$ cat input.txt   # compact mmCIF, C-alpha atoms
# COMPACT_ATOMS: atom_id res chain seq x y z
CA MET A 24 -153.55 -84.20 -180.38
CA PRO A 25 -154.53 -80.97 -178.64
CA LEU A 26 -157.33 -78.99 -180.24
CA PRO A 27 -156.93 -75.42 -178.95
CA PHE A 28 -160.16 -74.20 -180.54
CA LEU A 29 -162.15 -76.58 -178.30
CA THR A 30 -160.85 -75.23 -175.02
CA ALA A 31 -161.41 -71.90 -173.40
CA ASP A 32 -158.81 -70.17 -171.34
CA ARG A 33 -159.28 -71.30 -167.75
CA THR A 34 -158.20 -67.94 -166.34
CA PHE A 35 -161.63 -66.49 -167.18
CA GLU A 36 -163.11 -68.83 -164.57
CA SER A 37 -160.72 -67.84 -161.78
CA ALA A 38 -160.94 -64.63 -159.86
CA SER A 39 -157.97 -62.38 -160.52
CA GLU A 40 -157.09 -58.72 -160.18
CA SER A 41 -156.82 -58.04 -163.90
CA ALA A 42 -159.45 -58.88 -166.47
CA LEU A 43 -156.72 -59.86 -168.92
CA PRO A 44 -154.06 -61.90 -167.08
CA TYR A 45 -152.12 -62.94 -170.19
CA ASP A 46 -148.52 -62.76 -171.22
CA ASP A 47 -149.52 -62.51 -174.89
CA PRO A 48 -152.70 -60.43 -175.27
CA ASP A 49 -152.35 -60.39 -179.07
CA ARG A 50 -153.15 -64.11 -179.37
CA TRP A 51 -156.74 -64.76 -180.46
CA ARG A 52 -158.73 -66.69 -177.83
CA ARG A 53 -162.31 -67.73 -177.32
CA PRO A 54 -163.36 -66.77 -173.77
CA TYR A 55 -165.79 -69.70 -173.45
CA ARG A 56 -166.08 -73.36 -174.30
CA PRO A 57 -168.16 -74.52 -177.26
CA GLY A 58 -171.58 -75.65 -176.14
CA PRO A 59 -172.93 -79.20 -176.21
CA TRP A 60 -175.17 -78.46 -179.20
CA ARG A 61 -172.22 -77.27 -181.28
CA VAL A 62 -170.00 -80.18 -180.25
CA GLY A 63 -172.82 -82.69 -180.80
CA LEU A 64 -173.57 -81.43 -184.31
CA ALA A 65 -169.88 -81.51 -185.19
CA ALA A 66 -169.59 -85.06 -183.82
CA LEU A 67 -172.56 -86.18 -185.91
CA GLY A 68 -170.98 -84.54 -188.95
CA LEU A 69 -167.70 -86.36 -188.33
CA LEU A 70 -169.55 -89.64 -187.82
CA PHE A 71 -171.32 -89.17 -191.15
CA ALA A 72 -168.00 -88.22 -192.77
CA SER A 73 -166.44 -91.48 -191.56
CA PHE A 74 -169.17 -93.45 -193.39
CA VAL A 75 -168.69 -91.37 -196.53
CA LEU A 76 -164.91 -91.84 -196.45
CA PHE A 77 -165.30 -95.57 -195.88
CA SER A 78 -167.66 -95.76 -198.85
CA ALA A 79 -165.03 -93.93 -200.93
CA ILE A 80 -162.58 -96.72 -200.10
CA LEU A 81 -165.12 -99.38 -201.05
CA ILE A 82 -165.93 -97.61 -204.32
CA ALA A 83 -162.22 -97.34 -205.13
CA LEU A 84 -161.72 -101.07 -204.45
CA THR A 85 -164.55 -101.98 -206.81
CA GLY A 86 -162.81 -100.19 -209.65
CA SER A 87 -164.48 -96.82 -210.18
CA VAL A 88 -161.66 -94.47 -209.18
CA SER A 89 -163.30 -91.32 -210.55
CA SER A 90 -166.46 -91.95 -208.50
CA ALA A 91 -164.34 -92.70 -205.45
CA GLY A 92 -162.57 -89.36 -205.91
CA GLY A 93 -165.89 -87.53 -205.91
CA VAL A 94 -167.08 -89.32 -202.78
CA LEU A 95 -163.70 -88.70 -201.12
CA ALA A 96 -164.00 -84.98 -201.90
CA ALA A 97 -167.51 -84.94 -200.42
CA GLY A 98 -166.23 -86.63 -197.26
CA LEU A 99 -163.42 -84.11 -196.90
CA VAL A 100 -165.90 -81.23 -197.33
CA ILE A 101 -168.02 -82.70 -194.52
CA VAL A 102 -164.94 -82.95 -192.26
CA ALA A 103 -163.96 -79.36 -193.05
CA GLY A 104 -167.53 -78.23 -192.32
CA ALA A 105 -167.56 -79.99 -188.95
CA LEU A 106 -164.24 -78.42 -187.98
CA ARG A 107 -165.43 -75.00 -189.10
CA LEU A 108 -168.59 -75.46 -187.01
CA LEU A 109 -166.37 -76.02 -183.96
CA ARG A 110 -164.36 -72.90 -184.75
CA MET A 111 -167.40 -70.60 -184.99
CA GLY A 112 -167.91 -68.04 -182.24
CA VAL A 113 -166.50 -64.88 -180.74
CA TRP A 114 -162.73 -64.54 -180.37
CA VAL A 115 -160.89 -61.71 -178.60
CA SER A 116 -157.35 -60.40 -178.51
CA GLY A 117 -155.53 -57.16 -177.85
CA ARG A 118 -156.13 -56.19 -181.48
CA GLY A 119 -159.90 -56.48 -181.52
CA LEU A 120 -162.98 -58.65 -181.49
CA ARG A 121 -163.44 -61.34 -184.12
CA ARG A 122 -166.74 -63.00 -184.96
CA THR A 123 -166.17 -66.23 -186.81
CA GLY A 124 -169.14 -67.52 -188.78
CA PHE A 125 -169.44 -70.63 -190.89
CA LEU A 126 -168.37 -68.89 -194.10
CA VAL A 127 -167.37 -65.35 -193.08
CA THR A 128 -165.09 -63.99 -190.37
CA ARG A 129 -165.29 -60.33 -189.39
CA THR A 130 -162.81 -58.51 -187.17
CA VAL A 131 -163.55 -55.19 -185.46
CA PRO A 132 -160.58 -53.30 -183.97
CA TRP A 133 -161.10 -52.10 -180.41
CA ALA A 134 -160.73 -48.49 -181.60
CA ARG A 135 -164.04 -48.83 -183.53
CA VAL A 136 -165.92 -50.42 -180.61
CA VAL A 137 -168.14 -48.01 -178.68
CA SER A 138 -169.53 -50.56 -176.23
CA VAL A 139 -170.22 -54.23 -175.64
CA ARG A 140 -173.20 -54.86 -173.39
CA THR A 141 -175.78 -57.48 -172.50
CA VAL A 142 -179.33 -56.64 -173.57
CA GLN A 143 -182.72 -58.32 -173.19
CA GLN A 144 -184.27 -58.84 -176.64
CA PRO A 145 -185.85 -61.43 -178.94
CA VAL A 146 -183.13 -63.84 -180.08
CA ARG A 147 -183.06 -66.63 -182.62
CA TRP A 148 -183.43 -70.13 -181.19
CA LEU A 149 -180.42 -72.26 -182.28
CA GLY A 150 -179.92 -69.92 -185.23
CA LEU A 151 -183.29 -70.86 -186.74
CA PRO A 152 -185.87 -68.26 -187.84
CA ARG A 153 -187.97 -68.81 -184.69
CA THR A 154 -187.34 -66.12 -182.06
CA VAL A 155 -187.73 -66.31 -178.30
CA GLN A 156 -187.12 -63.81 -175.53
CA GLY A 157 -183.57 -64.02 -174.24
CA GLN A 158 -180.36 -62.17 -173.60
CA ALA A 159 -177.83 -61.15 -176.19
CA LEU A 160 -174.35 -59.65 -176.13
CA ALA A 161 -174.59 -56.61 -178.40
CA LEU A 162 -171.66 -54.86 -180.03
CA VAL A 163 -172.06 -51.15 -180.71
CA ARG A 164 -169.60 -49.86 -183.30
CA GLU A 165 -168.96 -46.19 -183.98
CA ASP A 166 -169.84 -46.53 -187.66
CA ARG A 167 -173.19 -48.40 -187.25
CA ARG A 168 -176.41 -48.18 -185.34
CA PRO A 169 -176.92 -50.92 -182.69
CA GLU A 170 -179.90 -52.40 -184.53
CA ASP A 171 -177.81 -52.92 -187.70
CA THR A 172 -175.65 -55.65 -186.21
CA SER A 173 -176.57 -59.14 -185.12
CA PRO A 174 -175.73 -60.11 -181.53
CA LEU A 175 -172.34 -61.64 -180.76
CA LEU A 176 -173.68 -64.24 -178.31
CA THR A 177 -177.19 -65.23 -177.27
CA THR A 178 -178.64 -67.35 -174.49
CA HIS A 179 -180.40 -69.52 -177.08
CA GLY A 180 -177.49 -70.13 -179.46
CA LEU A 181 -175.56 -73.35 -180.05
CA ASP A 182 -173.12 -72.58 -177.24
CA PHE A 183 -175.41 -71.43 -174.44
CA LEU A 184 -178.83 -73.06 -174.82
CA GLY A 185 -179.78 -74.24 -171.33
CA ARG A 186 -176.56 -72.82 -169.83
CA PRO A 187 -177.35 -69.29 -168.56
CA VAL A 188 -174.38 -69.24 -166.16
CA ALA A 189 -171.99 -70.02 -169.01
CA PHE A 190 -173.53 -67.19 -171.06
CA ASP A 191 -173.09 -64.75 -168.16
CA ARG A 192 -169.43 -65.74 -167.76
CA ALA A 193 -168.73 -65.45 -171.49
CA ALA A 194 -170.52 -62.10 -171.75
CA ASP A 195 -168.62 -60.77 -168.73
CA ALA A 196 -165.32 -61.94 -170.23
CA VAL A 197 -165.96 -60.26 -173.60
CA GLU A 198 -167.14 -57.08 -171.84
CA ALA A 199 -163.95 -57.12 -169.73
CA TRP A 200 -161.81 -57.44 -172.87
CA ALA A 201 -163.67 -54.53 -174.45
CA ALA A 202 -163.36 -52.33 -171.35
CA GLU A 203 -159.65 -53.11 -170.92
CA ASN A 204 -158.70 -52.57 -174.55
CA ARG A 205 -160.78 -49.44 -175.14
CA ARG A 206 -159.02 -47.85 -172.14
CA GLY A 207 -155.54 -48.68 -173.37

$ encode --input "input.txt" --output "C-alpha cells"
Amino acid sequence: MPLPFLTADRTFESASESALPYDDPDRWRRPYRPGPWRVGLAALGLLFASFVLFSAILIALTGSVSSAGGVLAAGLVIVAGALRLLRMGVWVSGRGLRRTGFLVTRTVPWARVVSVRTVQQPVRWLGLPRTVQGQALALVREDRRPEDTSPLLTTHGLDFLGRPVAFDRAADAVEAWAAENRRG
C-alpha cells in the first residue's frame, strides 16, 4: 500500500530549469522526506499500538467486552497519533504554504507571504524546551512581525537532526516555491 505522505517528490533532488516542474501545482506536497527521528517515533508508537490492540482481543475473549472496547479505542487513538506524527511538516502547493502540526494545521496563501528565508538563530532541539544554535526557515507574512511566528523548519527538528544537507535542500525547495508563486 503506497503511503504518499512518507515520500517526497524526487524532482526536488534533480536539477531542472524550473523550480516547480509539475503538471498539477495545486496538489499539496511535502518537499522533503520525513526524518529518521520522526519515522522512528511513529514506528515505536505503532509497535506499542499493536500490543494494545492485541490486549484488547485478549480482554474481549475473557469476557469483558466493555473493557475491551475501551482498550480498542485507546489503541486506535495511538495509531491515529502515529499517523498524524508522520503527516506533520511543511507542505506546499500553488495555493500556498501549509504547516501541519500534531493538532493544528495552518495554511498561508502565497499572496500573504512576504518572504521565506533561512536564518541563523536559537532553535528548539527536537521540539523540546532546550534551545541550541542552528538554522531555521522563517516565514515572514505581511500581517505579522517575523518574531511572532515559529520557524517552519529547523536543523534540530525531528526531520533534520544530523542531516544538514537535507535541511538545505528542503529550505531551498520551499524558498523556490515561495519565489515562484509570489511572482505569478

$ residues_around --input "input.txt" --residues "Gly185 (chain A)" --least-positions-apart "5" --cutoff "10 Å" --atoms "all atoms listed in the file" --output "ChimeraX atom specification"
/A:58-59,178-180,190

$ closest_residue --input "input.txt" --among "A:Arg192, A:Asp182, A:Gly86, A:Leu109" --to "Leu69 (chain A)" --atoms "only C-alpha atoms"
A:Leu109

$ atom_distance --input "input.txt" --atom1 "CA of Asp191 (chain A)" --atom2 "CA of Ala66 (chain A)"
25.9 Å

$ residues_around --input "input.txt" --residues "Gly104 (chain A)" --least-positions-apart "6" --cutoff "9 Å" --atoms "only C-alpha atoms" --output "number ranges by chain"
A: 65, 68, 125

$ atom_distance --input "input.txt" --atom1 "CA of Ala134 (chain A)" --atom2 "CA of Arg205 (chain A)"
6.5 Å

$ atom_distance --input "input.txt" --atom1 "CA of Glu203 (chain A)" --atom2 "CA of Asp49 (chain A)"
13.1 Å

$ decode --input "input.txt" --residues "region 62-122 of chain A" --atoms "C-alpha atoms" --output "PDB file, in the first residue's frame"
ATOM      1  CA  VAL A  62       9.761   7.786  11.455  1.00  0.00           C
ATOM      2  CA  GLY A  63      11.333   6.042  14.464  1.00  0.00           C
ATOM      3  CA  LEU A  64       8.906   7.621  16.936  1.00  0.00           C
ATOM      4  CA  ALA A  65       5.966   6.714  14.716  1.00  0.00           C
ATOM      5  CA  ALA A  66       7.245   3.135  14.415  1.00  0.00           C
ATOM      6  CA  LEU A  67       7.548   2.856  18.195  1.00  0.00           C
ATOM      7  CA  GLY A  68       4.021   4.225  18.534  1.00  0.00           C
ATOM      8  CA  LEU A  69       2.697   1.658  16.066  1.00  0.00           C
ATOM      9  CA  LEU A  70       4.574  -1.118  17.855  1.00  0.00           C
ATOM     10  CA  PHE A  71       3.013  -0.070  21.153  1.00  0.00           C
ATOM     11  CA  ALA A  72      -0.397   0.148  19.448  1.00  0.00           C
ATOM     12  CA  SER A  73      -0.057  -3.443  18.232  1.00  0.00           C
ATOM     13  CA  PHE A  74       0.394  -4.611  21.848  1.00  0.00           C
ATOM     14  CA  VAL A  75      -2.578  -2.545  22.981  1.00  0.00           C
ATOM     15  CA  LEU A  76      -4.780  -3.903  20.183  1.00  0.00           C
ATOM     16  CA  PHE A  77      -3.696  -7.462  20.932  1.00  0.00           C
ATOM     17  CA  SER A  78      -4.551  -6.934  24.595  1.00  0.00           C
ATOM     18  CA  ALA A  79      -7.990  -5.670  23.512  1.00  0.00           C
ATOM     19  CA  ILE A  80      -8.538  -9.001  21.756  1.00  0.00           C
ATOM     20  CA  LEU A  81      -7.445 -10.937  24.834  1.00  0.00           C
ATOM     21  CA  ILE A  82      -9.691  -8.859  27.089  1.00  0.00           C
ATOM     22  CA  ALA A  83     -12.632  -9.433  24.734  1.00  0.00           C
ATOM     23  CA  LEU A  84     -12.002 -13.199  24.748  1.00  0.00           C
ATOM     24  CA  THR A  85     -12.015 -13.291  28.538  1.00  0.00           C
ATOM     25  CA  GLY A  86     -15.496 -11.822  28.600  1.00  0.00           C
ATOM     26  CA  SER A  87     -15.254  -8.128  29.457  1.00  0.00           C
ATOM     27  CA  VAL A  88     -16.447  -6.565  26.205  1.00  0.00           C
ATOM     28  CA  SER A  89     -16.859  -3.048  27.607  1.00  0.00           C
ATOM     29  CA  SER A  90     -13.250  -3.019  28.854  1.00  0.00           C
ATOM     30  CA  ALA A  91     -12.084  -4.407  25.523  1.00  0.00           C
ATOM     31  CA  GLY A  92     -13.892  -1.562  23.753  1.00  0.00           C
ATOM     32  CA  GLY A  93     -12.047   1.000  25.864  1.00  0.00           C
ATOM     33  CA  VAL A  94      -8.675  -0.618  25.204  1.00  0.00           C
ATOM     34  CA  LEU A  95      -9.518  -0.899  21.493  1.00  0.00           C
ATOM     35  CA  ALA A  96     -10.347   2.822  21.394  1.00  0.00           C
ATOM     36  CA  ALA A  97      -7.041   3.615  23.117  1.00  0.00           C
ATOM     37  CA  GLY A  98      -5.175   1.509  20.557  1.00  0.00           C
ATOM     38  CA  LEU A  99      -6.880   3.274  17.667  1.00  0.00           C
ATOM     39  CA  VAL A 100      -6.007   6.669  19.186  1.00  0.00           C
ATOM     40  CA  ILE A 101      -2.350   5.601  19.351  1.00  0.00           C
ATOM     41  CA  VAL A 102      -2.441   4.513  15.684  1.00  0.00           C
ATOM     42  CA  ALA A 103      -4.051   7.806  14.663  1.00  0.00           C
ATOM     43  CA  GLY A 104      -1.415   9.712  16.653  1.00  0.00           C
ATOM     44  CA  ALA A 105       1.435   7.841  14.966  1.00  0.00           C
ATOM     45  CA  LEU A 106      -0.007   8.529  11.523  1.00  0.00           C
ATOM     46  CA  ARG A 107      -0.523  12.182  12.373  1.00  0.00           C
ATOM     47  CA  LEU A 108       3.097  12.380  13.558  1.00  0.00           C
ATOM     48  CA  LEU A 109       4.188  11.152  10.117  1.00  0.00           C
ATOM     49  CA  ARG A 110       1.997  13.745   8.412  1.00  0.00           C
ATOM     50  CA  MET A 111       3.421  16.706  10.358  1.00  0.00           C
ATOM     51  CA  GLY A 112       5.613  19.166   8.487  1.00  0.00           C
ATOM     52  CA  VAL A 113       5.577  21.826   5.804  1.00  0.00           C
ATOM     53  CA  TRP A 114       3.527  21.249   2.658  1.00  0.00           C
ATOM     54  CA  VAL A 115       3.478  23.467  -0.440  1.00  0.00           C
ATOM     55  CA  SER A 116       1.230  23.894  -3.449  1.00  0.00           C
ATOM     56  CA  GLY A 117       0.289  26.576  -5.929  1.00  0.00           C
ATOM     57  CA  ARG A 118      -2.296  27.845  -3.437  1.00  0.00           C
ATOM     58  CA  GLY A 119       0.020  28.455  -0.506  1.00  0.00           C
ATOM     59  CA  LEU A 120       2.161  27.079   2.264  1.00  0.00           C
ATOM     60  CA  ARG A 121       0.676  24.709   4.827  1.00  0.00           C
ATOM     61  CA  ARG A 122       2.225  23.926   8.198  1.00  0.00           C
TER      62      ARG A 122
END
